[in-house]
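K.L.:
I have a structure here, written as C-alpha cells, and I will follow up with some questions on it.
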Amino acid sequence: MRQLRPGQLIRYLPQPSWGVGDLVEVLEADRQAWASFPGRDEPVLLPSRADVLRPVVLEKGDKVVDDEGRQAEVVAALEVRDDLQYYRVLFADGSKEEVREDRLHAALPPSDMLSHLVAGTGGSAKAFALRRDGLKLDAERRTSALGALFASRVMPLPHQIAVVDRVLGARSPRFILADEVGLGKTIEAGMIYSALKLSGLAHRVLIVAPSHLTVQWLVEFAGKFNSLFTLMDGDRFKRAKAADPKKSPWRENPKIVTSLELLARTPKHIEEVTHRRARWDLVIIDEAHHLKGKQAFEMARKLARNTWGLLLLTATPMHLDPEAYHRMLELIEPDVAPSPSALATRLSRQQQVSQVVRSLEGGGKLAEAREALLELFPDDAHIAGAKKKEQLLEHLARHYSVSASLIRNRRAVVGGFTERRLHRHPVKPSAAEKKGRQAVIDAILGDGSLKGAPRARVLRSLESSTAALAEALTKRELDLDPVQLGLPEVDAKAERFLSLLEELDVGDRRTKVLTFTESRATQDFLEKLLTDRGMRCLTYHGDLGMVERDRRVARFRDEDGPPVLISTEVGGEGRNFQFAHHLICYDLPWSPGAMEQRIGRLDRVGQREPVEIHVLEPEGTLTAFVAELFDRAVGVFAEPVGGLDSVLEKVEQKIGELGVKGEKARAKFLEELAAEVSDARASLREAWDPLLDHRSCDLARVQAIADRAVERFELTEILEEETLPDRFWGLARDLDERLEDTVTLLARQVGLGVDLDENVDAFECAFNFGNRLKVDSLPGLSIAQERRELGTFWRETAVERDEISYFATGHPIVEALFAYLHDGEYGRVAWRRLKGRGKPQRGFHFVFELLPPEPEDTAPGALVASRHLARFMKTWMLEVAVSWGTDGKLKVDADLLSKLERAGDNLRGAQLDAIAPGREKIIPKAAQVAVKEAMKQLAALQDEAEQRIGAEAEERIEQLGHALSFQGVPAETIERQLGALAEHYRDLGDVLEQIDLDLDSVSGFVIGGD
C-alpha cells in the first residue's frame, strides 16, 4: 500500500458519503492528517492510520475536475511515481492529457436518500429526530456572539457580550479593548477568538504578552476556551531550530503565546514572526500601552500589517497616555490614524462634547444641550431634531467618537462588584527580632557593593520570614550567620497569623482563606507551622504542573477540603478564587500592580461577599511602611489601580531604595505619591467620556441577541427573568441541557460509554472509551486507547470546577460527535409512526440545510462575508412537511411540523407497505414539492435578510461618515473608507443571493391510525 503523501486522492472509510478527498497535510508526529472532501465545506483533521485513511485509485469513467476547474473523465490509471498516481483523462473539449492525482479532484457522490426512503431501508425514527435536533442546535451554537458565549467556560456579563458582538459585527476585528481592571478583557478576547475559530476565521493565532503573563494566557485559553497554544520562549525556539534549521517555529506552530520581551529584543524573531509566509489570522497584544520602545513598536507595526484581526488590550485611559493611544491607533486603523497633534485636537473636541453630555446627564436641559452642540456641529439635523434626551445621547454615542475602534467599559457603569474591606493587624516584634533585623540593615549599609536586585532580595526576605532570610543569607549575599542573628523561627508575625486564622473560624466548612507570600521558603515554613498546629492547608506555587495546580484548587474549593491555601505570586495570575472572600497578605509585594492582582483573584464578577483583606504589619518594619503607602497614598485596598500605571511604575524600585532609609525619607515619598495618585484619580473622574460608556456597554445590542435566541428556541419563559444576566444565564442553561442530551445520545450511538449518574457527582458526565466503540475513528479525536474523561455540560459547574473538562462547543468530543452527525449518514432517512387523534395523516418530512458560499480565496478574512450572514439570517435550517392524501395528492402542510417534533416509532416491513403503497412513484414528486416550498421559504428569508443588510449598511455608513468627519480625517480618506464599507455590504448581498439549498434528511410518516 502507498504511503500517505500530500496531494493523494484518499477515502475516509468511516464516512463514505464524503466521497474521494484530497490529502492536504500529514502530521507525522501526531499520526494525523488534514484532508478536504467534496462533501465538506472545510478541511478536517483525521487519524492517518491505514485502516481509516487510504489512498484511492480512480476507475475508468470516474468524473473529476482538474485544478483549473475543467471537467474531465478518467480514461485509465497509469503508473505511480513517488507515491502519486498518474491518470489519463478525457476533457470535455475532447482532448486527452496525462495528469498527476494532486491536480485532480473527485466529484461529490450522488445522494441516494430518496432511494432508501422508497426501499424502506433507512435508519430509526429516533436517529432522524436526533439528527434534526442536533443540526438545529449546531447552527445556533455557531452564530456570532451567541456562539462565542456557548464555546466559553465563563459566566459572561452583558458588557462582555456586547463587546464581542460589536467586534464580530465589524468589517474586520481590529479593536482596542480598554476596559478597566477586573472587567474581563482576557475573557472578551477569548470569546472573540472562539467565535472566529468556530467560523473558520482564526486558524493561525498569535498572543503577545509581557513575559510574566504568558503562562496566564496559556492557562486561560486552555481552560476557558478549549484551545491549546504553544508557549514560544527562547529555549523552545532554539530546540525547534536545532531539530530542523530550515523550518521557522513561528510558521510551523499555528497557535502561539509568546512574550513581548522575546519579540522586541531579537531582530531574527521579528523577521520570522512578521514574514508574509507566517501570515496571521488574529494577533492579540496584551498590555499594549507597553509598546513604547522603538523596537517594540516597530515589531508591533509589522505584525499589524501581517494579520487580518488585531486586538490590543490595555487598562490605561486615553487621556492619561495619549502618546500610547496614538501608537495603538496607528496599528489598528493606519488609514485614518491621527498624528499626535491631530489626536490632541480630537481629544479636545471630544472633551467639549463630553462636557455637554455630562451636564445633560446631570439634569441639564435638553434645549441648552442642543444649542451647545449645534454650535459645534451646525449641520447635524439629528441634533436639531432630537426631542428626547435618550434620542440625542444615542445619536451622539454612535456618531461622535475619538475612534470607532476603541471600546472601554468602566466598573462604575458595569456595576456588580462588592466592597473591599481592609484589616490592618499590628504586630509587636520581640526585642530579639528587632535586634536581629537591625543587624541585617546595618550589614546592608556597611556593604557598599550590595545594591540593586541583590539588596532588594535580602530586604524582601527579611520582611517575609526568618526562613526566607536564612535562605537568602546562605547564598552569601551578606557575610552573616543566620543562627547568630537571634531571629526566632516562629516570630511574632507567625503567631499573629495563627491567631488570625482562629478568629476567621477556619473550622467552619464555609470559610476559605487565600494566603499570599512572595517567598517559597516562607510558604514551606507556613505549611509546616499549620500542619504542626493541626490545621489543614494546601500550597500553590510555580513548580507545580498544570494538572496538580487544578487538583489543589479543586480541593481548596471543596467544602470538605482544607480551609487555607498558601500561594506564591503565581496564584495572583490567571486563577479565580471568588468562592473565597478572605485574603491574608503574610507579606506584601512592593508593586501596587501585584497587590491588585492578589485582590483581583477574589474581587471579581461573581463574588457575593465583601472582600476582606488582612495585612500583617510588624511595627517599625518596611512592611508597615508599604502597608501605609498602599493604603493611604495608592488606595489599592479600596479600589483598583487601573489607569495609574504611569504614576505607579516607579513605586517598586523606590521601596527598595527606602528599605535602608529613615522615616523622614519614607514620609516624604508617601506624601508625594499620594498627591500624584490623587491628581491622577481626579483626572480619571473628570475626563471620562460618557459617550464611550454608551457605545461600549450597549445593553440594547445584548437584549437583541437574547431575544433572537429565545425566538429560535421558543423559550418564552426566559423573558420572565428580571435581569439581563439572568436571561442570558437561563438561555445558557437551556442550551447546555440541549447540548448534553444531543451529545450523550450521539456518544451512545457510536459506542462511547456515558456515565451521568453512577460514578460521577451531580451535574458531571464521564465518557468511557473502550472496546465497545462501533466506529473505527471520529474526526479530530483519538479513540485508539481506553480512557475515561470526566467533565460537565453545565456552565456553573464548569466555572466552579476548572479541573474537569467542559463539554461545550470546541471540546474535541463534542466537535467529533457533531462532525459524525453532520457529515455521515446517521439519521438521514427514516419511516416514522406518531400517535395522534382524528383521521390518520401521512406524508413526508424534509429537512434542508442552507449553505452559504465559500470563496476560493482562503486568506485570513476571506470568509467574512458568508460568515457575517449569520447576523441577518433567521435560520440555517428549513423544514417542510408534505402531506400525502388518500387521493394521492401532495400538499405542503406547515401545521404538521409541530406534530412531527416527536421522534415516534419505527415504521417498516409489512406495516410500511400497507400504509405507503406506490411510494416509489410518489416520493420523487413529494421531493419536488418540498424543494419548491423550501426555495420559496429561502427567498423570503433572503428578502428579509437583504432588508436588514440594507438598513445596517445605511446606518453604519452614515455613522462612519459622521465619526471620521468629527475626527478630522481628510475628505479623500473618508470617501475611501466609506467606499470600502459599502463594498463590504455589497459582498454580503452577493453571498446572500448565492445561498444553496441542500437536502439533509427526510422521513416518511404516518400520524394516528394505530
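Ligands are numbered from 1 in the order shown, residues from 1 within each chain, and chains are lettered A, B, ... in the order they appear in the C-alpha cells.
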As a PyMOL selection string, which residues of segment 77-321 of chain A does DSSP assign to strand (DSSP E)?
P.N.:
chain A and resi 77-81+84-91+96-100+104-106+174-177+205-209+230-232+255-259+280-285+307-313
K.L.:
Which of segment 792-984 of chain A counts as alpha helix (DSSP H) under DSSP, as an NGL selection string please?
P.N.:
:A and (795-800 or 812-823 or 864-868 or 896-899 or 909-915 or 919-966 or 971-984)
K.L.:
May I have the residues within 9 Å of segment 259-272 of chain A as a PyMOL selection string, using only C-alpha atoms and disregarding those fewer than 6 positions away in the same chain?
P.N.:
chain A and resi 207-214+231-234+248-251+278+285-286+290-291+293+295-300+302-303
K.L.:
Looking at only C-alpha atoms, which of A:Met935, A:Leu376, A:Leu999, A:Leu500 is the one that sits closest to Val829 of chain A?
P.N.:
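When distances to Val829 of chain A are compared using only C-alpha atoms, the smallest one comes from A:Leu999.
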K.L.:
Report the distance between atom CA of Arg727 of chain A and atom CA of Ile705 of chain A in Å, rounded to one decimal place.
P.N.:
10.9 Å
K.L.:
I want to know what sits within 6 Å of Thr539 of chain A, based on only C-alpha atoms, with residues of the same chain fewer than 3 positions away left out; could you give that as a PDB file with C-alpha atoms, in the first residue's frame?
P.N.:
ATOM      1  CA  LEU A 565      -4.404  27.861  50.533  1.00  0.00           C
ATOM      2  CA  ILE A 566      -0.916  29.368  50.790  1.00  0.00           C
ATOM      3  CA  SER A 567       0.156  30.722  47.413  1.00  0.00           C
TER       4      SER A 567
END
K.L.:
Let me make sure I understand: among A:Val163, A:Leu850, A:Leu622, A:Val154, which one has the smallest atom-to-atom distance to Leu699 of chain A if we use only C-alpha atoms?
P.N.:
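Of A:Val163, A:Leu850, A:Leu622, A:Val154, the one nearest Leu699 of chain A is A:Val163, counting only C-alpha atoms.
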K.L.:
Fewer than 3 positions away in the same chain doesn't count, so skip those; otherwise give me all residues within 8 Å of Lys774 of chain A, counting only C-alpha atoms, as a tab-separated table (two decimals) with C-alpha atoms, in the first residue's frame.
P.N.:
chain	number	residue	atom	x	y	z
A	749	GLN	CA	-24.76	5.64	19.08
A	750	VAL	CA	-21.04	5.35	18.30
A	751	GLY	CA	-20.39	3.10	21.31
K.L.:
Could you state the separation of atom CA of Val118 of chain A and atom CA of Arg919 of chain A in Å, given to one decimal place?
P.N.:
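Atom-to-atom, atom CA of Val118 of chain A to atom CA of Arg919 of chain A, that is 6.2 Å.
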K.L.:
Leaving out Val626 of chain A and any residue of its chain fewer than 5 positions from it, which residues lie within 8 Å of it when counting only C-alpha atoms, given as a ChimeraX atom specification?
P.N.:
/A:588,590,655
K.L.:
Using only C-alpha atoms, which protein or nucleic acid residues come within 12 Å of Arg986 of chain A? Drop anything in the same chain fewer than 6 positions from it, and give the result as a list in words.
P.N.:
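Surrounding residues, per the criterion: Ala865, Ser866, Glu946, Ile949, Gly950, Glu952, Ala953, Glu954, Gly979, Ala980, Leu992 and Glu993 of chain A.
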K.L.:
Could you jot down the atom CA of Ala178 of chain A to atom CA of Leu406 of chain A separation for me, Å, one decimal place?
P.N.:
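Computed distance, atom CA of Ala178 of chain A to atom CA of Leu406 of chain A, equals 7.2 Å.
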K.L.:
Taking only C-alpha atoms into account, which of A:Asn768, A:Asn226, A:Ser172, A:Thr744 comes nearest Leu130 of chain A?
P.N.:
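When distances to Leu130 of chain A are compared using only C-alpha atoms, the smallest one comes from A:Thr744.
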